[in-house]
Number of protein chains: 2
Amino acid sequence: MFVVPLLAALLLANEAPAEEGMWLPNAIPAGALKEKYGLQPTPALLEHLQKSAVRFSTGGSGSLVSARGLVMTNHHVGSDMLGKLSTPERDLLKTGFHARSLGDELPCPDLELDILWEIEDVTARVTAASQDAGDLAAAGAARRKAINAIKDESNQRTGLTSEVVTLYQGGRYHLYRYRTYRDVRLVFAPEAAIAFFGGDADNFEFPRFDLDCCFFRIYEDGKPLEPQHHLAWDADGVEERELVFTWGHPGSTNRLFTADHVAYLRDFEEPANLRRLWRSEVKLATFMGRGAENARIAREDYLGAQNGRKSTQGLLDALQDPALLAMKRADERELLATLEGKPEAKEFEEGRRMIAASLELARRIGGDYMMLERRFRAGDLASFARIALRMRAESGKPSAERLPEYGDAARASLEAQLYSPAPIYPEYEIERLTAWLSGLCEGRGGDDLLVKQLLAGKGPRARATELVRGTRLADVDARRKADPSDPMIAFVAAFDADARAARLAWEDGVDTRQRDGYAKVAAARFAAFGDSVYPDATFTLRMSYGTVKGWTTAEGEDVPAFTTIAGTFDRAAARAGERDFELPKSWLDAKDRLAGATPFNFVSTNDIIGGNSGSPVVDADGEVVGLIFDGNLDSLAGDVVFDITRNRAVSVDARGMLEALRTVYKADGLVNEMLAPANARK
Amino acid sequence: MFVVPLLAALLLANEAPAEEGMWLPNAIPAGALKEKYGLQPTPALLEHLQKSAVRFSTGGSGSLVSARGLVMTNHHVGSDMLGKLSTPERDLLKTGFHARSLGDELPCPDLELDILWEIEDVTARVTAASQDAGDLAAAGAARRKAINAIKDESNQRTGLTSEVVTLYQGGRYHLYRYRTYRDVRLVFAPEAAIAFFGGDADNFEFPRFDLDCCFFRIYEDGKPLEPQHHLAWDADGVEERELVFTWGHPGSTNRLFTADHVAYLRDFEEPANLRRLWRSEVKLATFMGRGAENARIAREDYLGAQNGRKSTQGLLDALQDPALLAMKRADERELLATLEGKPEAKEFEEGRRMIAASLELARRIGGDYMMLERRFRAGDLASFARIALRMRAESGKPSAERLPEYGDAARASLEAQLYSPAPIYPEYEIERLTAWLSGLCEGRGGDDLLVKQLLAGKGPRARATELVRGTRLADVDARRKADPSDPMIAFVAAFDADARAARLAWEDGVDTRQRDGYAKVAAARFAAFGDSVYPDATFTLRMSYGTVKGWTTAEGEDVPAFTTIAGTFDRAAARAGERDFELPKSWLDAKDRLAGATPFNFVSTNDIIGGNSGSPVVDADGEVVGLIFDGNLDSLAGDVVFDITRNRAVSVDARGMLEALRTVYKADGLVNEMLAPANARK
């Protein structure tokens, strides 16, 4: 669990080895693909893959896999919806779900799916806006305003969801336009027991045996979407050493970070994240221990906390290996040596200094910013209250001057969130608001004026109980009304100015410095290494390529590339009686009918990270051969470095998925839809 | 779980209500007992109760309950030994244990039991030693030396284990002499499933249904001890509203703390404790999740972390209620008003200032001190290495100048610890050493010189693995040899100077200021309220009295005083299928034979705290009617305040215990030994 990768073999971004990289869809490494593999993907194929890829608003990836709008993703990407669609009587995470006709499909309360349609480079316009600003605050404001204006204009002109993406941590700005779908319905999900077989113990490990898949359908005008593009299946699957591609949405990496910034992750940010996750994991576990219904309600958040904790711990393990920082520092020395005598060397030094200054400030003001604003997590009712409050306040301003999430371009998303019909559980609301209040008191101390004001003379639990019992925001209509005298709205209003101030201090002092600093750093890297530098992940569409291949662990053990369906039953037998290793009845019943030798999960060298969950794995023809659902432990260092010797992506094999759908779930309709001849690309 | 007691009805120490107080055995509240209950315990009865009480070196209480040295305590006090006596093939926590003859009793590897024999007031000698010291450091050194000398002299003269106890946080010093026993053998323990039925969810809750008992036997010269005193049983038990007494060893309370000091607990110390416990709980759970044997090895520590987390959270909940601090501050104003014009008022102010200064410093230097010295927890091998290293270093100094735990008076205890034959598990050692190294890096940052030195160029896990695989200290003989070139000894030697410096800085800067400050505060309290002030708990013998009585919760629910054996089966049925609610087979088999109406657990108003676990509950005749094993949630504020309206002690009822021993476990021999007529006191 706490295994640390040996870092000797690591290579950094500026000397990207084969198979490293999360490449922009409009800047794939054509030279490398041609030279190494003799591949020259046509523009048509690239567009096909781009427009078959789907982004989930819950933070994952997916792909269109039928001519009738069927979307494949991971169970753990869909599980948020599975939870929201469950009731004490209908626990979809426990039982799974299978709509045998369109009419049985379940509308999701607040899910949005995006398909990337167009990209436009807006770097010049964004940087010009802030260039002549007098100070950091003016520069930050000018840049935010320019970005908002670009989005609004694009949105108004095209009707497409428009986002400005910051690439290279500030080196480039691209405008992305998406087709967005909000009528999305649940089609199929297996039981959590097989989707997440092995639980936290096996998470980020391999060999694995998980049917981590789930299917939704996009509707348009009340009918299944007939998409312009969707992926065909290669039912023959992949072999060891075969080249495979992922098209998905890696969430965030920090590989271009300066050494100082990586040290900040190691010494400050990741330890703080872990402390938050440890706290949250224990608090959720104790809430769940109070009864079966509590356990059902909080399970999704609990699994999320466990997942975050294990991946953050893996990253911290890598960061705490002194070899990593030594390498980052050597890398910077090398970059400077390469640029010796050029103006970019000075630019780099200047950028590095600006970034270091931003980190000094971040350490001081980060706590408030996270607690009050960026990670404000005090339950759903408190979140609704904040959105309702700010929606009213921001509506009075021109769109370009609003907080970006309240701009015209984001209105539909925001409303989908605020008016979600997903169920609200008062006890869980009390629990989370209590935890937030208690955390505020832990952080600022009980004599802090804001703490005193927010507790209003009561202990955190008594205060949270009073607020949750008093608010009417569990009712969607009350959220539309947004009565300022509602106790929860009054509560969040009491510190809204503090939260906004903390945000502004961060955006001006930290973000602006970092963007300007990284613009200089990126310019230096481009000068030294040309366009072989890929940008850090930004939860936007990226292509990665790699080969299906096992690895040898730091302890010298060989891990094979594939597992089989039969292996699943062996693993269950070996861990009999332990939690998370009990197969669902459907699988036990189907055991004799399943083709045991069918490949179930496999690993490949693709460079992925959290957010890639649910990405399709396609072969050189662009046909589905697998479904990304995890990385191995060694991949957790991937936030800052990529180690081809041990970093592996973990996928559900298409063959295992089809075998399970047919044999365990009798989902022949679904399989036939996906394998339909009409579904062939060519 | 996070319920906060309403504090309106709380009364503080200086106005101690009926039934509050953990009274010194040589200063029981005779006046109150006589006045309110017409009771006048004879000196003989008090001596009998004192010398029947037993202190466990594992941090709990117990009592002699037969003429042949049988000692009763809680299962969760004995469970550390149960773990050490277990193997992969013999899991005593799972199966329980029952020696049907003396020959079957299992010798404990490193348990010490103390019986308090004599008390002497040494306040004058201790305070005189430091009175004329020039500065804090000199005063601290003089006091430590005087205390060491007093212990050594007493130990040499009497042969009894001698300790100097600091009472009233520095107001008084008493010399305690104990008879110590190290040949202790396990006689009986039920299965953990019934001893801790309900697990973390029901811990600190009521109604409860736990057979949290366990029996050991003291041996002397290879034969069962025939003690001078032991408790008789009152097999008729207690009734609601009956007066009961506990004689046990409450670990620590902070009720005499100044308001500033309580605010320090709220804003600094308890949040830091919780962060440590959350971290530890999650790390232990993930280690245990890797396999059944891991789960067995770490279970005790895991339960300890959960217990600590739940009690610390309960305390923090109380502290974060603004009413508590408001009351503490009002209390100080009242004290000052009472003392107006007297010199003690000034003394109090001065003491309060010294304490505030100590807290300023504690915030700054506490992290290092806890990590490197006071809570140095890096696995058993690292602990052995430190003891072996320091034993050698300290032996060269006069006993009075050594670190107190290395003085002559403590030598036997220290050797019992160092040469313990308890099993060592390398994987668990690696896990704990990794966690410690990683924590050091979290706290000090990866560029810290000590961190770099201790990691020696490797990541925490790689470094821990190398040290654990390299050391020979798993072997007891290697611990005797204490070879300085042993890698683990060399490792702890590398930061021994830092650890000692951190300790000295704390002892001189924080402890000395606090002792001097609290001496002044205590003098003021004595001046205002006379001897009605009891000292804070110090893990020494205390008497508490109270009545068997349910309570009404903050939500208005009435909780009855007793549960029954039949209720146990009802609770198991209500939580069927959930972890920690599965009754052991022995109970399921005995269900029809058990007398369901037998009282099983009960609550009383006795003022107890952690460390009291295993205390006998006796009636006015001094006969056993129960066995303390817990407090309710409202009792968790007991660290700083006692709230008679809701604070309850939780006991196993003697009748339930006897019924289970006879009917479930067929332990008639044990029952007969305890109920033997020879066992009657009078």
# chains A, B, ... in the order shown; residues from 1 in each chain; ligands from 1

$ interface_residues --of "chain A" --to "chain B" --cutoff "8 Å" --atoms "only C-alpha atoms" --output "CSV table (one decimal) with N, CA and C atoms, in the first residue's frame"
chain,number,residue,atom,x,y,z
A,1,MET,N,0.8,-1.2,0.0
A,1,MET,CA,0.0,0.0,0.0
A,1,MET,C,0.9,1.3,0.0
A,2,PHE,N,2.0,1.2,0.7
A,2,PHE,CA,2.8,2.4,0.8
A,2,PHE,C,4.1,2.2,0.0
A,3,VAL,N,4.0,1.3,-1.0
A,3,VAL,CA,5.2,1.0,-1.7
A,3,VAL,C,5.7,2.3,-2.5
A,4,VAL,N,6.9,2.5,-2.5
A,4,VAL,CA,7.5,3.7,-3.1
A,4,VAL,C,8.2,3.3,-4.4
A,200,ASP,N,-10.8,-1.2,-1.1
A,200,ASP,CA,-9.7,-0.3,-0.9
A,200,ASP,C,-8.4,-1.1,-0.9
A,201,ALA,N,-8.4,-2.4,-0.4
A,201,ALA,CA,-7.2,-3.2,-0.4
A,201,ALA,C,-6.6,-3.4,-1.8
A,263,ALA,N,8.5,20.6,-4.1
A,263,ALA,CA,8.8,20.6,-2.7
A,263,ALA,C,7.6,21.1,-1.9
A,266,ARG,N,5.2,18.3,-1.6
A,266,ARG,CA,5.7,17.3,-0.7
A,266,ARG,C,5.5,17.8,0.8
A,267,ASP,N,5.8,19.0,1.1
A,267,ASP,CA,5.9,19.5,2.4
A,267,ASP,C,4.7,20.1,2.9
A,268,PHE,N,3.8,20.5,2.0
A,268,PHE,CA,2.7,21.3,2.5
A,268,PHE,C,1.3,20.8,1.9
A,271,PRO,N,0.6,16.7,2.3
A,271,PRO,CA,0.3,16.4,3.7
A,271,PRO,C,-1.0,17.0,4.2
A,275,ARG,N,-4.2,14.9,5.6
A,275,ARG,CA,-4.9,15.2,6.9
A,275,ARG,C,-6.4,15.3,6.7
A,278,TRP,N,-7.8,11.8,5.8
A,278,TRP,CA,-7.9,10.9,7.0
A,278,TRP,C,-9.0,11.3,7.9
A,279,ARG,N,-9.2,12.6,8.1
A,279,ARG,CA,-10.3,13.1,8.9
A,279,ARG,C,-11.6,12.6,8.4
A,281,GLU,N,-12.3,10.3,6.1
A,281,GLU,CA,-12.5,8.9,6.0
A,281,GLU,C,-13.0,8.4,7.4
A,282,VAL,N,-12.4,8.8,8.5
A,282,VAL,CA,-12.8,8.3,9.8
A,282,VAL,C,-14.2,8.9,10.2
A,286,THR,N,-17.4,6.4,10.9
A,286,THR,CA,-18.2,6.4,12.2
A,286,THR,C,-19.7,6.7,11.9
A,287,PHE,N,-19.9,7.6,11.0
A,287,PHE,CA,-21.3,7.9,10.6
A,287,PHE,C,-22.0,6.6,10.1
A,289,GLY,N,-21.1,3.6,10.6
A,289,GLY,CA,-21.2,2.5,11.6
A,289,GLY,C,-22.5,2.6,12.5
A,290,ARG,N,-23.2,3.8,12.4
A,290,ARG,CA,-24.3,3.9,13.2
A,290,ARG,C,-25.6,3.2,12.7
A,291,GLY,N,-25.5,2.6,11.5
A,291,GLY,CA,-26.6,1.9,11.0
A,291,GLY,C,-26.6,1.6,9.5
A,292,ALA,N,-27.3,0.7,9.0
A,292,ALA,CA,-27.2,0.3,7.6
A,292,ALA,C,-27.7,1.4,6.7
A,317,ASP,N,4.3,9.2,-1.0
A,317,ASP,CA,5.4,8.3,-0.9
A,317,ASP,C,6.5,8.6,-2.0
A,318,ALA,N,6.0,8.9,-3.2
A,318,ALA,CA,7.0,9.2,-4.2
A,318,ALA,C,7.7,10.5,-4.0
A,320,GLN,N,8.3,11.9,-1.1
A,320,GLN,CA,9.2,11.8,0.0
A,320,GLN,C,10.5,11.0,-0.3
A,321,ASP,N,10.5,10.4,-1.4
A,321,ASP,CA,11.8,9.7,-1.8
A,321,ASP,C,12.7,10.8,-2.3
A,322,PRO,N,13.8,11.0,-1.6
A,322,PRO,CA,14.7,12.2,-1.9
A,322,PRO,C,15.2,12.2,-3.4
A,323,ALA,N,15.2,11.0,-4.0
A,323,ALA,CA,15.6,10.9,-5.4
A,323,ALA,C,14.7,11.8,-6.3
A,438,SER,N,-16.8,22.2,13.1
A,438,SER,CA,-15.8,21.7,14.0
A,438,SER,C,-14.4,21.9,13.4
A,441,CYS,N,-13.4,25.5,13.6
A,441,CYS,CA,-12.9,25.7,15.0
A,441,CYS,C,-11.5,25.1,15.2
A,442,GLU,N,-11.3,24.0,14.7
A,442,GLU,CA,-10.0,23.3,14.8
A,442,GLU,C,-8.9,24.3,14.2
A,443,GLY,N,-9.3,24.8,13.0
A,443,GLY,CA,-8.3,25.6,12.3
A,443,GLY,C,-8.1,27.0,12.8
A,444,ARG,N,-9.1,27.7,13.2
A,444,ARG,CA,-9.0,29.1,13.6
A,444,ARG,C,-9.0,29.3,15.1
A,445,GLY,N,-9.4,28.2,15.9
A,445,GLY,CA,-9.5,28.4,17.3
A,445,GLY,C,-10.8,28.9,17.7
A,446,GLY,N,-11.3,28.5,18.9
A,446,GLY,CA,-12.6,28.8,19.4
A,446,GLY,C,-12.8,30.3,19.7
A,452,LYS,N,-16.9,32.3,16.4
A,452,LYS,CA,-17.9,32.6,17.4
A,452,LYS,C,-19.2,33.1,16.8
A,457,GLY,N,-23.0,30.8,19.7
A,457,GLY,CA,-23.1,30.4,21.1
A,457,GLY,C,-23.4,28.9,21.4
A,458,LYS,N,-23.4,28.1,20.3
A,458,LYS,CA,-23.7,26.7,20.4
A,458,LYS,C,-22.5,25.9,20.0
A,459,GLY,N,-22.5,24.6,20.4
A,459,GLY,CA,-21.4,23.7,19.9
A,459,GLY,C,-21.7,23.4,18.4
A,460,PRO,N,-20.7,22.9,17.7
A,460,PRO,CA,-20.9,22.6,16.3
A,460,PRO,C,-22.1,21.7,16.0
A,461,ARG,N,-22.3,20.7,16.7
A,461,ARG,CA,-23.4,19.8,16.4
A,461,ARG,C,-24.8,20.5,16.6
A,462,ALA,N,-24.9,21.1,17.8
A,462,ALA,CA,-26.1,21.8,18.1
A,462,ALA,C,-26.4,22.9,17.0
A,575,ARG,N,-9.4,-14.9,-0.3
A,575,ARG,CA,-9.7,-13.9,0.7
A,575,ARG,C,-11.1,-14.2,1.3
A,578,GLU,N,-13.5,-12.1,4.0
A,578,GLU,CA,-13.1,-10.7,4.2
A,578,GLU,C,-14.0,-9.8,3.4

$ residues_around --residues "stretch 33-35 of chain A" --least-positions-apart "2" --cutoff "12 Å" --atoms "only C-alpha atoms" --output "PyMOL selection string"
chain A and resi 18-19+28-31+37-42+243-245+544-546+620

$ residues_around --residues "A:Ala482" --least-positions-apart "5" --cutoff "12 Å" --atoms "only C-alpha atoms" --output "list in words"
Leu381, Phe384, Ala385, Arg386, Ile387, Ala388, Leu389, Arg390, Met391, Arg392, Ala393, Leu418, Tyr419, Thr471, Arg472, Leu473, Ala474, Asp475, Val476, Asp477, Pro487, Met488, Ile489, Ala490 and Ala493 of chain A

$ write_last_selection --atoms "N, CA, C and O atoms" --output "compact mmCIF listing (two decimals), in the first residue's frame"
# COMPACT_ATOMS: atom_id res chain seq x y z
N LEU A 381 -26.98 21.16 1.55
CA LEU A 381 -27.83 22.32 1.83
C LEU A 381 -27.00 23.60 1.90
O LEU A 381 -27.40 24.65 1.39
N PHE A 384 -26.08 24.54 -1.63
CA PHE A 384 -27.22 25.19 -2.30
C PHE A 384 -27.36 26.63 -1.83
O PHE A 384 -27.62 27.54 -2.61
N ALA A 385 -27.23 26.80 -0.51
CA ALA A 385 -27.41 28.14 0.05
C ALA A 385 -26.38 29.10 -0.55
O ALA A 385 -26.72 30.23 -0.92
N ARG A 386 -25.15 28.63 -0.69
CA ARG A 386 -24.14 29.52 -1.24
C ARG A 386 -24.46 29.86 -2.70
O ARG A 386 -24.35 31.02 -3.11
N ILE A 387 -24.81 28.84 -3.48
CA ILE A 387 -25.10 29.12 -4.89
C ILE A 387 -26.29 30.07 -5.01
O ILE A 387 -26.25 31.04 -5.78
N ALA A 388 -27.33 29.81 -4.22
CA ALA A 388 -28.52 30.66 -4.30
C ALA A 388 -28.18 32.11 -3.94
O ALA A 388 -28.59 33.06 -4.60
N LEU A 389 -27.39 32.24 -2.88
CA LEU A 389 -26.99 33.57 -2.43
C LEU A 389 -26.17 34.30 -3.50
O LEU A 389 -26.43 35.46 -3.82
N ARG A 390 -25.20 33.61 -4.04
CA ARG A 390 -24.30 34.26 -4.99
C ARG A 390 -24.96 34.48 -6.34
O ARG A 390 -24.64 35.44 -7.04
N MET A 391 -25.85 33.58 -6.71
CA MET A 391 -26.55 33.76 -7.98
C MET A 391 -27.28 35.10 -7.98
O MET A 391 -27.22 35.87 -8.94
N ARG A 392 -27.92 35.37 -6.85
CA ARG A 392 -28.63 36.64 -6.72
C ARG A 392 -27.66 37.82 -6.79
O ARG A 392 -27.87 38.79 -7.53
N ALA A 393 -26.57 37.71 -6.04
CA ALA A 393 -25.61 38.82 -5.98
C ALA A 393 -24.93 39.05 -7.33
O ALA A 393 -24.76 40.18 -7.77
N LEU A 418 -28.08 23.42 -8.89
CA LEU A 418 -28.88 24.00 -7.80
C LEU A 418 -30.27 23.38 -7.71
O LEU A 418 -30.80 23.20 -6.62
N TYR A 419 -30.85 23.06 -8.85
CA TYR A 419 -32.23 22.58 -8.82
C TYR A 419 -32.30 21.06 -8.94
O TYR A 419 -33.31 20.49 -9.31
N THR A 471 -33.71 25.18 7.84
CA THR A 471 -33.73 25.63 6.44
C THR A 471 -34.83 24.94 5.65
O THR A 471 -35.25 23.83 5.99
N ARG A 472 -35.28 25.60 4.59
CA ARG A 472 -36.27 24.97 3.71
C ARG A 472 -35.62 24.52 2.39
O ARG A 472 -36.32 24.13 1.46
N LEU A 473 -34.32 24.57 2.30
CA LEU A 473 -33.65 24.33 1.02
C LEU A 473 -33.63 22.88 0.57
O LEU A 473 -33.17 22.59 -0.54
N ALA A 474 -34.12 21.98 1.41
CA ALA A 474 -34.26 20.59 0.93
C ALA A 474 -35.28 20.57 -0.21
O ALA A 474 -35.25 19.68 -1.06
N ASP A 475 -36.13 21.55 -0.23
CA ASP A 475 -37.18 21.69 -1.26
C ASP A 475 -36.63 22.50 -2.45
O ASP A 475 -36.13 23.61 -2.28
N VAL A 476 -36.74 21.93 -3.65
CA VAL A 476 -36.19 22.60 -4.84
C VAL A 476 -36.82 23.98 -5.05
O VAL A 476 -36.15 24.94 -5.44
N ASP A 477 -38.10 24.09 -4.76
CA ASP A 477 -38.78 25.38 -4.93
C ASP A 477 -38.18 26.46 -4.03
O ASP A 477 -38.07 27.62 -4.43
N PRO A 487 -32.55 30.29 7.16
CA PRO A 487 -31.41 30.23 8.10
C PRO A 487 -30.12 29.78 7.43
O PRO A 487 -29.04 30.29 7.77
N MET A 488 -30.19 28.86 6.48
CA MET A 488 -28.95 28.39 5.87
C MET A 488 -28.36 29.45 4.93
O MET A 488 -27.14 29.63 4.87
N ILE A 489 -29.24 30.16 4.24
CA ILE A 489 -28.74 31.24 3.38
C ILE A 489 -28.15 32.36 4.24
O ILE A 489 -27.07 32.88 3.94
N ALA A 490 -28.82 32.67 5.35
CA ALA A 490 -28.27 33.69 6.25
C ALA A 490 -26.93 33.23 6.82
O ALA A 490 -26.00 34.04 6.98
N ALA A 493 -24.32 33.59 4.16
CA ALA A 493 -24.15 35.02 3.89
C ALA A 493 -23.22 35.65 4.94
O ALA A 493 -22.47 36.58 4.64

$ residues_around --residues "B:Glu89" --least-positions-apart "5" --cutoff "12 Å" --atoms "only C-alpha atoms" --output "count of residues only"
5

$ residues_around --residues "stretch 590-602 of chain B" --least-positions-apart "3" --cutoff "8 Å" --atoms "only C-alpha atoms" --output "number ranges by chain"
B: 207-211, 548, 561-567, 586-587, 650-657, 659-660, 663-664

$ write_last_selection --atoms "C-alpha atoms" --output "CSV table (one decimal), in the first residue's frame"
chain,number,residue,atom,x,y,z
B,207,PRO,CA,-27.5,0.8,26.4
B,208,ARG,CA,-24.6,-1.6,26.2
B,209,PHE,CA,-24.2,-5.4,26.2
B,210,ASP,CA,-20.6,-6.2,26.8
B,211,LEU,CA,-18.9,-9.0,28.8
B,548,VAL,CA,-26.8,3.6,40.0
B,561,ALA,CA,-29.9,2.2,34.3
B,562,PHE,CA,-29.7,-1.5,33.4
B,563,THR,CA,-29.6,-3.7,30.4
B,564,THR,CA,-30.2,-7.5,30.5
B,565,ILE,CA,-28.7,-10.6,28.9
B,566,ALA,CA,-31.9,-11.0,26.8
B,567,GLY,CA,-31.3,-7.4,25.5
B,586,SER,CA,-20.8,-19.9,22.5
B,587,TRP,CA,-23.5,-17.3,23.2
B,650,VAL,CA,-20.7,2.0,32.5
B,651,SER,CA,-20.2,-1.3,34.3
B,652,VAL,CA,-20.6,-5.0,33.7
B,653,ASP,CA,-23.0,-6.2,36.4
B,654,ALA,CA,-21.6,-8.8,38.7
B,655,ARG,CA,-24.7,-10.9,38.2
B,656,GLY,CA,-24.4,-10.9,34.4
B,657,MET,CA,-20.7,-11.7,34.7
B,659,GLU,CA,-24.3,-15.9,34.8
B,660,ALA,CA,-22.2,-15.8,31.7
B,663,THR,CA,-23.8,-20.8,31.8
B,664,VAL,CA,-21.9,-19.8,28.6

$ residues_around --residues "A:His249" --least-positions-apart "4" --cutoff "12 Å" --atoms "only C-alpha atoms" --output "VMD selection string"
chain A and resid 22 to 25 50 53 to 63 73 114 to 116 253 536 to 544 607 to 616 628

$ closest_residue --among "A:Arg364, A:Ala345, A:Met354, A:Arg479" --to "A:Asp380" --atoms "only C-alpha atoms"
A:Arg479

$ select_by_dssp --residues "stretch 207-362 of chain A" --states "strand (DSSP E)" --output "PyMOL selection string"
chain A and resi 214-220+223-224+243-248

$ select_by_dssp --residues "stretch 104-258 of chain B" --states "helix (DSSP H, G or I)" --output "PyMOL selection string"
chain B and resi 104+123-131+136-158+192-195+199-202

$ residues_around --residues "stretch 227-229 of chain B" --least-positions-apart "5" --cutoff "12 Å" --atoms "only C-alpha atoms" --output "PyMOL selection string"
chain B and resi 44-54+63-71+115-117+179+181+217-220+622+678-682

$ atom_distance --atom1 "atom CA of B:Ala298" --atom2 "atom CA of B:Arg480"
26.4 Å

$ closest_residue --among "A:His230, A:Arg255, A:Arg352, A:Arg503" --to "A:Tyr168" --atoms "only C-alpha atoms"
A:Arg255

$ atom_distance --atom1 "atom CA of A:Ile355" --atom2 "atom CA of A:Val122"
23.3 Å

$ atom_distance --atom1 "atom CA of A:Glu347" --atom2 "atom CA of A:Ala330"
18.2 Å
